[in-house]
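Some notes on the structure that comes next.
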Amino acid sequence: MMSSRLSRYALRLGALGYLAVLLLTPVVLVFYRAFEHGFGHAWDAVTSHAAVHALELTLLIAAIAVPANTIFGVVLALALVRGRFPGRGLVNAIVDLPLALSPIVVGLSLFLLYGRGGWLGGFAGHGIKILFAVPGMVLATMFVSLPFVVREVVPVLREIGTEQEQAAETLGASPFQTFRRITLPAIRWAVAYGVVLTTARAIGEFGAVSVVSGRIEGRTETLPLYVQAQFESFDTPGAYAASVVLALIAVATVVALRVFHPREETS
Amino acid sequence: MGIAVVDITKRFGAFTALREVSVAIPEGSLTALLGPSGSGKSTLLRVIAGLEQPDEGQVLLGDLDVTDRPARARGVGMVFQHYAAFKHMTVWDNVAFGLTVRKRPRAEIRQRVHELLELVQLEGLAKRYPAQLSGGQRQRMALARALAVEPSVLLLDEPFGALDARVRKELRAWLRRLHDEVHVTTIIVTHDQEEAMEVAGQIVVLNEGRVEQVGSPRELYDSPANEFVMSFVGPVNRLGDTFVRPHDVELSLEPDGSGSSEAMVERVVHLGFEVRVELVRDDGQHLLAQLTQEEAEQLELERGEIVYVRPSRETVFQTPGP
């Protein structure tokens with residue numbers, strides 16, 4: 001009895017220690033270093049023009065990419081679960097591509113597509129700037145954060161089945177009424193969870209955005225890019241202070257994840 | 001409203017679920033679609049509801065060809081085997097759903113839902129969620145929900161299949177009474193011949209996507225059209241080409257000459273009033289006999305005993321030509 005309890009405590013201690021060393025310590029260190037020279041110094045660093053612009057740009061990109069991927073994600077999940085179309089298996093596999101592909105490769109492929117001589121490079125000639133501008137960064141962010149809503153919603157759609165929707169249909173509900181009153185309430189927690197994951201990824205994305213942005217300070221620099229730029233120019237307090245902002249957003253995300261975690265209907 | 005299904009064929013890939021099925025369902029009747037799993041009975045119901053599109057044939061509600069109409073425009077009420085309850089809505093909102101999507105006046109909805117909850121005896125549970133109801137209550141809620149839109153046709157897809165035996169029996173009797181009250185043309189899909197016979201006035205027996213026979217419970221039992229119907233609507237002994245119901249097997253302790261044969265008692269099962277006797281004839285043929293308790297007591301049957309069996313009534317089907 002005693003030994004089984006001991007081994008259980010040892011297991012917990014091991015798991016917690018692992019988390020502490022790998023996750024918690026580095027984050028705590030960033031906080032410590034950011035405020036090392038006082039709160040005022042850190043505040044100055046994050047309220048500099050470049051930092052504020054970077055934060056605004058990050059939020060703007062997320063504000064476009066997240067709703068787009070949410071709507072597209074729900075539609076795609078419906079198509080994957082309810083639809084019968086050729087190539088469904090292939091589409092299902094492609095959805096996971098952004099998870100498997102290194103973000104830097106995503107960035108490079110967008111670079112090739114929209115860059116000079118690329119298939120869609122012609123846009124540049126018509127006054128629409130994609131590369132080294134916000135549209136390209138939004139596209140890169142959408143690419144890497146695409147799977148989350150789909151992946152959260154698909155299993156829930158499978159689980160709820162089609163009977164409720166069919167019942168609604170026989171009761172006279174139009175496809176839209178059925179979606180809004182039956183399907184959407186059933187998947188809402190999954191959608192919320194997917195939105196939180198998408199947001200986290202959109203705000204934190206570095207690799208893909210880095211390639212397509214051109215990293216022009218005060219113009220195409222998102223917060224993660226700003227952190228990297230400050231770090232490279234030996235402004236470590238600035239880098240740490242901006243990191244704290246990102247870390248705080250992450251903490252808010254984790255709290256939101258706990259709140260939205262798919263759970264049983266409270267009924 | 002009467003229902004007519006004309007030459008319906010439905011395929012799922014290489015599998016043919018229905019083959020040129022034609023059935024007429026009289027207005028106000030309660031008809032059972034009876035058959036084993038895979039016989040096409042649920043598919044036929046879903047074709048009538050508009051939830052499946054037939055490859056060939058027509059569906060008529062009254063005089064109206066509704067084959068190309070979507071389910072929502074057919075005015076049918078449907079009840080599903082697993083209730084299909086709207087889990088995030090209260091009982092009240094579930095029942096009101098069909099009326100709210102039709103944007104009926106609030107007062108009308110309130111009155112109608114109230115009436116229906118009374119009809120299905122769920123008045124006190126209006127504020128509950130489906131998860132807080134028993135299976136029988138959920139299915140009654142589903143029935144009220146289907147009736148709310150005043151359907152011209154009520155379709156029940158194995159409505160009692162997921163319930164335990166006692167509740168199932170109660171709900172059958174209740175459905176029968178409800179039908180006498182509401183009079184809406186009703187089709188019930190079931191694989192349970194007892195359920196079909198107890199509830200329905202007309203039974204359509206389906207097998208492998210074809211209609212085997214249509215008739216009243218009595219007609220199906222007393223004059224089955226073929227071997228399949230005979231064996232599906234009740235237990236049967238097959239003796240060469242002849243079929244004998246277990247209650248038509250007479251047992252005696254003495255040979256009586258005319259058509260009786262010797263058999264040994266293998267097992268005697270007492271089921272209260274009914275006693276089932278499993279026998280084996282000297283040619284190795286197994287037989288089931290059904291006696292009353294009184295008959296069994298008079299014979300004092302025991303395992304290993306030799307008795308004489310004589311079918312009092314037998315059926316022979318003409319084998320279809322080559």
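As shown in the structure tokens, the chain order sets the letters A, B, ...; within each chain, residues go from 1, and ligands are also counted from 1 in the order they appear.
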
Next item on the list: Dump as number ranges by chain the residues of chain A that approach chain B to within 9 Å, counting only C-alpha atoms.
Entry: A: 162-174, 177, 182, 185-186, 265-267

Any chance you could export the current selection's C-alpha atoms as a short mmCIF file (atom, residue, chain, number, x, y, z; two decimals), in the first residue's frame?
data_model
loop_
_atom_site.label_atom_id
_atom_site.label_comp_id
_atom_site.auth_asym_id
_atom_site.auth_seq_id
_atom_site.Cartn_x
_atom_site.Cartn_y
_atom_site.Cartn_z
CA THR A 162 -27.33 13.63 -38.53
CA GLU A 163 -30.50 12.51 -36.76
CA GLN A 164 -31.15 15.82 -35.02
CA GLU A 165 -30.63 17.70 -38.28
CA GLN A 166 -32.97 15.33 -40.11
CA ALA A 167 -35.57 15.70 -37.39
CA ALA A 168 -35.34 19.49 -37.76
CA GLU A 169 -35.72 19.12 -41.51
CA THR A 170 -38.87 17.01 -41.24
CA LEU A 171 -40.24 19.64 -38.84
CA GLY A 172 -40.01 22.22 -41.61
CA ALA A 173 -36.68 23.91 -40.84
CA SER A 174 -34.74 25.31 -43.80
CA GLN A 177 -32.51 27.34 -39.72
CA ILE A 182 -29.47 22.68 -34.25
CA PRO A 185 -25.44 25.06 -30.71
CA ALA A 186 -24.18 21.48 -30.76
CA GLU A 265 -23.84 20.15 -21.93
CA THR A 266 -24.69 21.45 -18.48
CA SER A 267 -28.17 20.09 -18.39
#

- Task: Write out as a PyMOL selection string all residues of range 147-280 of chain B that DSSP puts in helix (DSSP H, G or I) for this structure's backbone.
- Result: chain B and resi 147-148+165-182+193-199+217-222+227-232+246-248

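Of the residues under consideration (B:Leu171, B:Val309, B:Leu156, B:Ala32), B:Val309 shows the shortest atom-to-atom contact distance to Gln290 in chain B when counting only C-alpha atoms.
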
*Skip Asp248 in chain B itself and residues of its chain fewer than 6 positions away, then list as a list in words all residues within 10 Å of it, counting only C-alpha atoms.*
Val236, Asn237, Leu288, Ala289, Gln290, Leu291, Arg310, Pro311, Ser312, Arg313 and Glu314 of chain B

Tell me which protein, DNA and RNA residues are within 6 Å of range 196-205 of chain B, counting only C-alpha atoms, leaving out same-chain ones fewer than 5 positions away, and put them as a list in words.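 Returned residues: Leu30, Thr31, Ala32, Leu33, Leu34, Gly35, Arg176, Val211, Glu212, Gln213, Val214, Gly215, Ser216 and Pro217 of chain B.
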
Please list as a list of chain:residue names every residue within 12 Å of Leu101 in chain A, counting only C-alpha atoms and excluding residues in the same chain fewer than 4 positions away.
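Within the cut-off, the hits are A:Ile94, A:Val95, A:Asp96, A:Leu97, A:Val105, A:Val106, A:Gly107, A:Leu108, A:Ser109, A:Phe143, A:Val144, A:Ser145, A:Pro147, A:Gly207, A:Ala208.
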
Create the file for the chosen residues now, containing C-alpha atoms and written as a tab-separated table (two decimals), in the first residue's frame.
chain	number	residue	atom	x	y	z
A	94	ILE	CA	-4.35	18.48	-46.78
A	95	VAL	CA	-6.06	20.22	-43.84
A	96	ASP	CA	-3.35	18.83	-41.58
A	97	LEU	CA	-0.54	20.05	-43.81
A	105	VAL	CA	8.48	26.43	-45.80
A	106	VAL	CA	5.01	27.98	-45.80
A	107	GLY	CA	6.60	31.40	-45.98
A	108	LEU	CA	8.88	30.40	-48.82
A	109	SER	CA	6.07	28.86	-50.84
A	143	PHE	CA	-2.20	29.21	-43.75
A	144	VAL	CA	-0.54	28.15	-40.51
A	145	SER	CA	-3.63	28.56	-38.31
A	147	PRO	CA	-6.43	23.37	-39.16
A	207	GLY	CA	8.46	31.69	-39.26
A	208	ALA	CA	6.01	32.04	-42.13

- Length of the CA of Leu116 in chain B to CA of Ile160 in chain A vector [Å]: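 Computing the Euclidean distance for CA of Leu116 in chain B and CA of Ile160 in chain A yields 26.7 Å.
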
Using only C-alpha atoms, which residues sit within 12 Å of Tyr32 in chain A once same-chain residues fewer than 6 positions away are excluded, as a ChimeraX atom specification? /A:25-26,38-39,42,237,240-241,243-244

From CA of Glu152 in chain A to CA of Leu55 in chain A the spacing works out at 27.7 Å

Q: Enter the distance from CA of Leu253 in chain B to CA of Val316 in chain B, in Å, rounded to one decimal.
A: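 Between CA of Leu253 in chain B and CA of Val316 in chain B the gap works out to 26.9 Å.
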
Which residues are near Gly40 in chain B? Cut-off 9 Å, only C-alpha atoms, ignore same chain within fewer than 4 positions. Put them as a PyMOL selection string.
chain B and resi 16-18+35-36+44-45+206-210

Residues from last step as file, N, CA and C atoms, as a tab-separated table (two decimals), in the first residue's frame:
chain	number	residue	atom	x	y	z
B	16	THR	N	-28.79	-2.79	-53.50
B	16	THR	CA	-30.14	-2.34	-53.82
B	16	THR	C	-31.01	-2.53	-52.59
B	17	ALA	N	-31.43	-1.41	-52.01
B	17	ALA	CA	-32.19	-1.47	-50.76
B	17	ALA	C	-33.67	-1.72	-51.01
B	18	LEU	N	-34.18	-1.15	-52.11
B	18	LEU	CA	-35.59	-1.33	-52.46
B	18	LEU	C	-35.69	-1.66	-53.95
B	35	GLY	N	-40.02	-6.35	-41.19
B	35	GLY	CA	-39.02	-7.14	-41.92
B	35	GLY	C	-37.75	-7.24	-41.11
B	36	PRO	N	-36.87	-8.17	-41.52
B	36	PRO	CA	-35.60	-8.30	-40.81
B	36	PRO	C	-34.70	-7.11	-41.13
B	44	LEU	N	-37.49	2.59	-46.92
B	44	LEU	CA	-38.80	2.94	-47.49
B	44	LEU	C	-39.43	4.09	-46.70
B	45	LEU	N	-39.32	4.02	-45.37
B	45	LEU	CA	-39.88	5.08	-44.54
B	45	LEU	C	-39.18	6.41	-44.82
B	206	LEU	N	-41.65	-6.91	-45.57
B	206	LEU	CA	-40.59	-6.65	-46.54
B	206	LEU	C	-39.45	-7.63	-46.32
B	207	ASN	N	-38.81	-8.00	-47.42
B	207	ASN	CA	-37.64	-8.87	-47.33
B	207	ASN	C	-36.75	-8.60	-48.53
B	208	GLU	N	-35.49	-8.35	-48.28
B	208	GLU	CA	-34.52	-8.08	-49.33
B	208	GLU	C	-35.01	-7.04	-50.33
B	209	GLY	N	-35.62	-5.99	-49.82
B	209	GLY	CA	-36.04	-4.88	-50.67
B	209	GLY	C	-37.31	-5.12	-51.46
B	210	ARG	N	-38.01	-6.22	-51.15
B	210	ARG	CA	-39.25	-6.50	-51.87
B	210	ARG	C	-40.40	-6.64	-50.88
